[in-house]
Amino acid sequence: MAQDDPAAAADPVPPLSDQRETLVRRCTALLDGLPEAILVIGTERRVLYANPAARDLFGPHAEGSQAVALLRHPDEVAALERGFARLRDGTEPAEPVEVQKVIAQASTESVFRMLVQPLDPASGITGLIVSLRDVSHVAEAEQQRRDFVANVSHELRSPLTVLAGFIETLQGPAREDPGARENFLGIMARETRRMTGLVNDLLSLSKVESVERMRPRTRVHLTEVLRATLAALRPQIEDAGIAVRFDDLDNAPEIPGDRDQLVQVFRNLIENAVKYGGNGGRIDIAVTRCEVLSGVAGPAMKVTVTDYGEGIDPIHLPRLTERFYRVDTDRSRQKGGTGLGLAIVKHIVNRHRGRLTIRSARGEGCTFAVFLPCE
Ligand SMILES: Nc1ncnc2c1ncn2[C@@H]1O[C@H](COP(=O)(O)OP(=O)(O)OP(=O)(O)O)[C@@H](O)[C@H]1O
Ligand SMILES: [Mg+2]
């Protein structure tokens, strides 16, 4: 019959073995291109195939080695055995076996989600397919979330403990003591302000984070923003007996910016200079134009806030913009700080596609510079 079919004669169907070989070649090419690490493990517990991502992870000799040499943690060995048990019993593998694998690479640890699945017997290969996906960023985000919740709870707990203690004292021993009452109410008011400050900072942070990908559409005049911020901080600056010098730029251009957010940036930087660098007696604020800034197309405006206080040890600088990071936690708390200010500053500057740099050495004061693109 087939000989009578002209189409079949022109384009003969290749034999089954050739088709299978083509299929294997194509599948291997597909697996080779996957970013996930893939291992195929035969019933002898030997690695029959390791794709390039798996060879990057386990070394060039992964293929051909014993599976236990690569996956030696008891959980991983147990996952493979469960896979083989499913293979033997022929039970339908509804869900792949899943375990977490931690691999130490250089100075970091990576966390992988490892899935073990019996191969379909129709493939002609008896064995397991093991995939490993790097989920370190997910694990890291979870850790950050846990740390964040722990930090917030801790920050709220201390003022609440103080309040609860004073309420009890005022209800009991100090009930009839007007002097003590006055004193305790003062402390209670301060602690309440601290909690309100913390909650406001948390709200600001979440608001800033939610719009971080959207560049501001409005334009602002930096000089006006700085003058308004300084005016609002005037009482604080005068109380601390600090002289402020403001070097403005003539004809500073309007730049794209969110006014309220930029006020928040400069308020925190100036407030920090007063709170932590105030013993230097003066603060300099300067606006300059900067023609080139790496990572920013076109010119940028640069605002520097410099104090002459005790400065910051350089070991702290890389972490200073992390939420709740404080050089001296007790001192910052005493001054009503929560350690969120610079985290908010960083997010706002990022939203403006700008940069924040911090220069300081112990005993030599600090210079915080904010760069904001002109366009
Ligand atoms: N000008 C400065 N001089 C010395 N240390 C500083 C200066 N600015 C910031 N720091 C240090 O950096 C820490 C973090 O500052 P940040 O503004 O994030 O928090 P905070 O001022 O403590 O609290 P908040 O801004 O939320 O009220 C401060 O606690 C302080 O230790
Ligand atoms: Mg601050």
# chains A, B, ... in the order shown; residues from 1 in each chain; ligands from 1

call {"tool": "residues_near_ligand", "arguments": {"ligand": "ligand 2", "cutoff": "12 Å", "atoms": "only C-alpha atoms and all ligand atoms", "output": "PyMOL selection string"}}
result
chain A and resi 197-198+201+264-277+320-321+323-327+329+331-333+335-346

call {"tool": "write_last_selection", "arguments": {"atoms": "N, CA and C atoms", "output": "short mmCIF file (atom, residue, chain, number, x, y, z; two decimals), in the first residue's frame"}}
result
data_model
loop_
_atom_site.label_atom_id
_atom_site.label_comp_id
_atom_site.auth_asym_id
_atom_site.auth_seq_id
_atom_site.Cartn_x
_atom_site.Cartn_y
_atom_site.Cartn_z
N GLY A 197 5.49 59.07 66.25
CA GLY A 197 6.55 59.29 65.26
C GLY A 197 6.85 58.00 64.51
N LEU A 198 6.91 56.90 65.24
CA LEU A 198 7.22 55.61 64.62
C LEU A 198 6.13 55.23 63.63
N ASP A 201 6.34 57.39 60.56
CA ASP A 201 7.46 56.99 59.72
C ASP A 201 7.13 55.71 58.95
N GLN A 264 10.58 66.03 53.11
CA GLN A 264 10.89 64.94 54.05
C GLN A 264 12.38 64.58 54.02
N VAL A 265 12.96 64.53 52.80
CA VAL A 265 14.38 64.21 52.65
C VAL A 265 15.23 65.23 53.38
N PHE A 266 15.01 66.52 53.06
CA PHE A 266 15.89 67.55 53.64
C PHE A 266 15.62 67.73 55.13
N ARG A 267 14.35 67.53 55.53
CA ARG A 267 14.06 67.66 56.96
C ARG A 267 14.84 66.61 57.75
N ASN A 268 14.84 65.38 57.25
CA ASN A 268 15.56 64.35 57.99
C ASN A 268 17.07 64.61 58.02
N LEU A 269 17.61 65.04 56.86
CA LEU A 269 19.07 65.27 56.83
C LEU A 269 19.46 66.43 57.76
N ILE A 270 18.65 67.50 57.74
CA ILE A 270 18.99 68.66 58.59
C ILE A 270 18.75 68.31 60.06
N GLU A 271 17.64 67.61 60.31
CA GLU A 271 17.34 67.19 61.69
C GLU A 271 18.45 66.29 62.24
N ASN A 272 18.92 65.36 61.41
CA ASN A 272 20.02 64.49 61.84
C ASN A 272 21.27 65.31 62.15
N ALA A 273 21.54 66.30 61.27
CA ALA A 273 22.74 67.13 61.49
C ALA A 273 22.62 67.86 62.82
N VAL A 274 21.39 68.30 63.17
CA VAL A 274 21.19 69.00 64.44
C VAL A 274 21.31 68.01 65.60
N LYS A 275 20.60 66.85 65.46
CA LYS A 275 20.54 65.89 66.58
C LYS A 275 21.88 65.22 66.86
N TYR A 276 22.55 64.79 65.78
CA TYR A 276 23.75 63.97 65.99
C TYR A 276 25.05 64.72 65.73
N GLY A 277 24.96 65.84 64.98
CA GLY A 277 26.20 66.55 64.67
C GLY A 277 26.18 67.97 65.22
N LEU A 320 23.78 52.32 56.86
CA LEU A 320 23.07 53.43 57.49
C LEU A 320 21.65 53.65 56.95
N THR A 321 21.42 53.28 55.68
CA THR A 321 20.09 53.52 55.12
C THR A 321 19.15 52.32 55.31
N ARG A 323 16.49 50.04 57.24
CA ARG A 323 15.45 50.38 58.22
C ARG A 323 15.92 50.02 59.62
N PHE A 324 15.70 50.89 60.55
CA PHE A 324 15.99 50.71 61.97
C PHE A 324 17.48 50.67 62.30
N TYR A 325 18.34 50.90 61.29
CA TYR A 325 19.77 50.86 61.62
C TYR A 325 20.19 52.16 62.29
N ARG A 326 20.77 52.06 63.46
CA ARG A 326 21.24 53.24 64.18
C ARG A 326 22.64 52.98 64.71
N VAL A 327 23.46 54.02 64.69
CA VAL A 327 24.83 53.84 65.16
C VAL A 327 24.80 53.62 66.66
N THR A 329 21.89 53.12 69.29
CA THR A 329 20.44 52.99 69.42
C THR A 329 19.90 53.79 70.60
N ARG A 331 21.09 56.42 72.09
CA ARG A 331 21.17 57.86 71.88
C ARG A 331 20.07 58.31 70.91
N SER A 332 19.88 57.54 69.84
CA SER A 332 18.86 57.90 68.86
C SER A 332 17.48 57.86 69.52
N ARG A 333 17.23 56.80 70.33
CA ARG A 333 15.92 56.68 71.00
C ARG A 333 15.68 57.88 71.91
N LYS A 335 16.65 60.76 71.58
CA LYS A 335 16.32 61.94 70.80
C LYS A 335 15.05 61.73 69.99
N GLY A 336 14.34 60.65 70.31
CA GLY A 336 13.06 60.41 69.66
C GLY A 336 13.18 59.81 68.27
N GLY A 337 14.37 59.28 67.93
CA GLY A 337 14.56 58.72 66.59
C GLY A 337 14.13 57.26 66.51
N THR A 338 13.75 56.85 65.29
CA THR A 338 13.35 55.45 65.12
C THR A 338 14.28 54.71 64.17
N GLY A 339 15.19 55.44 63.52
CA GLY A 339 16.10 54.78 62.59
C GLY A 339 15.45 54.50 61.25
N LEU A 340 14.33 55.15 60.97
CA LEU A 340 13.67 54.94 59.67
C LEU A 340 13.95 56.10 58.71
N GLY A 341 14.42 57.23 59.28
CA GLY A 341 14.59 58.44 58.48
C GLY A 341 15.40 58.24 57.21
N LEU A 342 16.59 57.66 57.33
CA LEU A 342 17.45 57.53 56.15
C LEU A 342 16.92 56.47 55.18
N ALA A 343 16.18 55.48 55.71
CA ALA A 343 15.56 54.48 54.81
C ALA A 343 14.53 55.19 53.93
N ILE A 344 13.77 56.11 54.54
CA ILE A 344 12.77 56.86 53.77
C ILE A 344 13.49 57.76 52.74
N VAL A 345 14.56 58.42 53.20
CA VAL A 345 15.34 59.28 52.29
C VAL A 345 15.80 58.48 51.07
N LYS A 346 16.34 57.30 51.32
CA LYS A 346 16.88 56.51 50.21
C LYS A 346 15.78 56.16 49.19
#

call {"tool": "select_by_dssp", "arguments": {"residues": "segment 49-237 of chain A", "states": "strand (DSSP E)", "output": "MDAnalysis selection string"}}
result
chainID A and resid 49:50 97:105 108:118 127:134 219:221

call {"tool": "residues_around", "arguments": {"residues": "Arg351 of chain A", "least_positions_apart": "3", "cutoff": "7 Å", "atoms": "only C-alpha atoms", "output": "JSON, numbers by chain"}}
result
{"A": [212, 213, 214, 215, 347, 348]}

call {"tool": "select_by_dssp", "arguments": {"residues": "segment 76-260 of chain A", "states": "alpha helix (DSSP H)", "output": "PyMOL selection string"}}
result
chain A and resi 76-89+136-171+178-210+222-239+259-260

call {"tool": "closest_residue", "arguments": {"among": "A:Thr357, A:Asn183, A:Thr218, A:Ser123", "to": "Leu262 of chain A", "atoms": "only C-alpha atoms"}}
result
A:Thr218

call {"tool": "closest_residue", "arguments": {"among": "A:Ile187, A:Leu170, A:Leu160, A:Ile41", "to": "Val116 of chain A", "atoms": "only C-alpha atoms"}}
result
A:Ile41

call {"tool": "residues_around", "arguments": {"residues": "segment 54-60 of chain A", "least_positions_apart": "2", "cutoff": "9 Å", "atoms": "only C-alpha atoms", "output": "PyMOL selection string"}}
result
chain A and resi 36-39+50-52+62-63+70+103+105+131-132

call {"tool": "closest_residue", "arguments": {"among": "A:Glu209, A:Glu176, A:Asp330, A:Asp89", "to": "ligand 1", "atoms": "only C-alpha atoms and all ligand atoms"}}
result
A:Asp330

call {"tool": "atom_distance", "arguments": {"atom1": "atom CA of Pro159 of chain A", "atom2": "atom CA of Leu205 of chain A"}}
result
20.9 Å
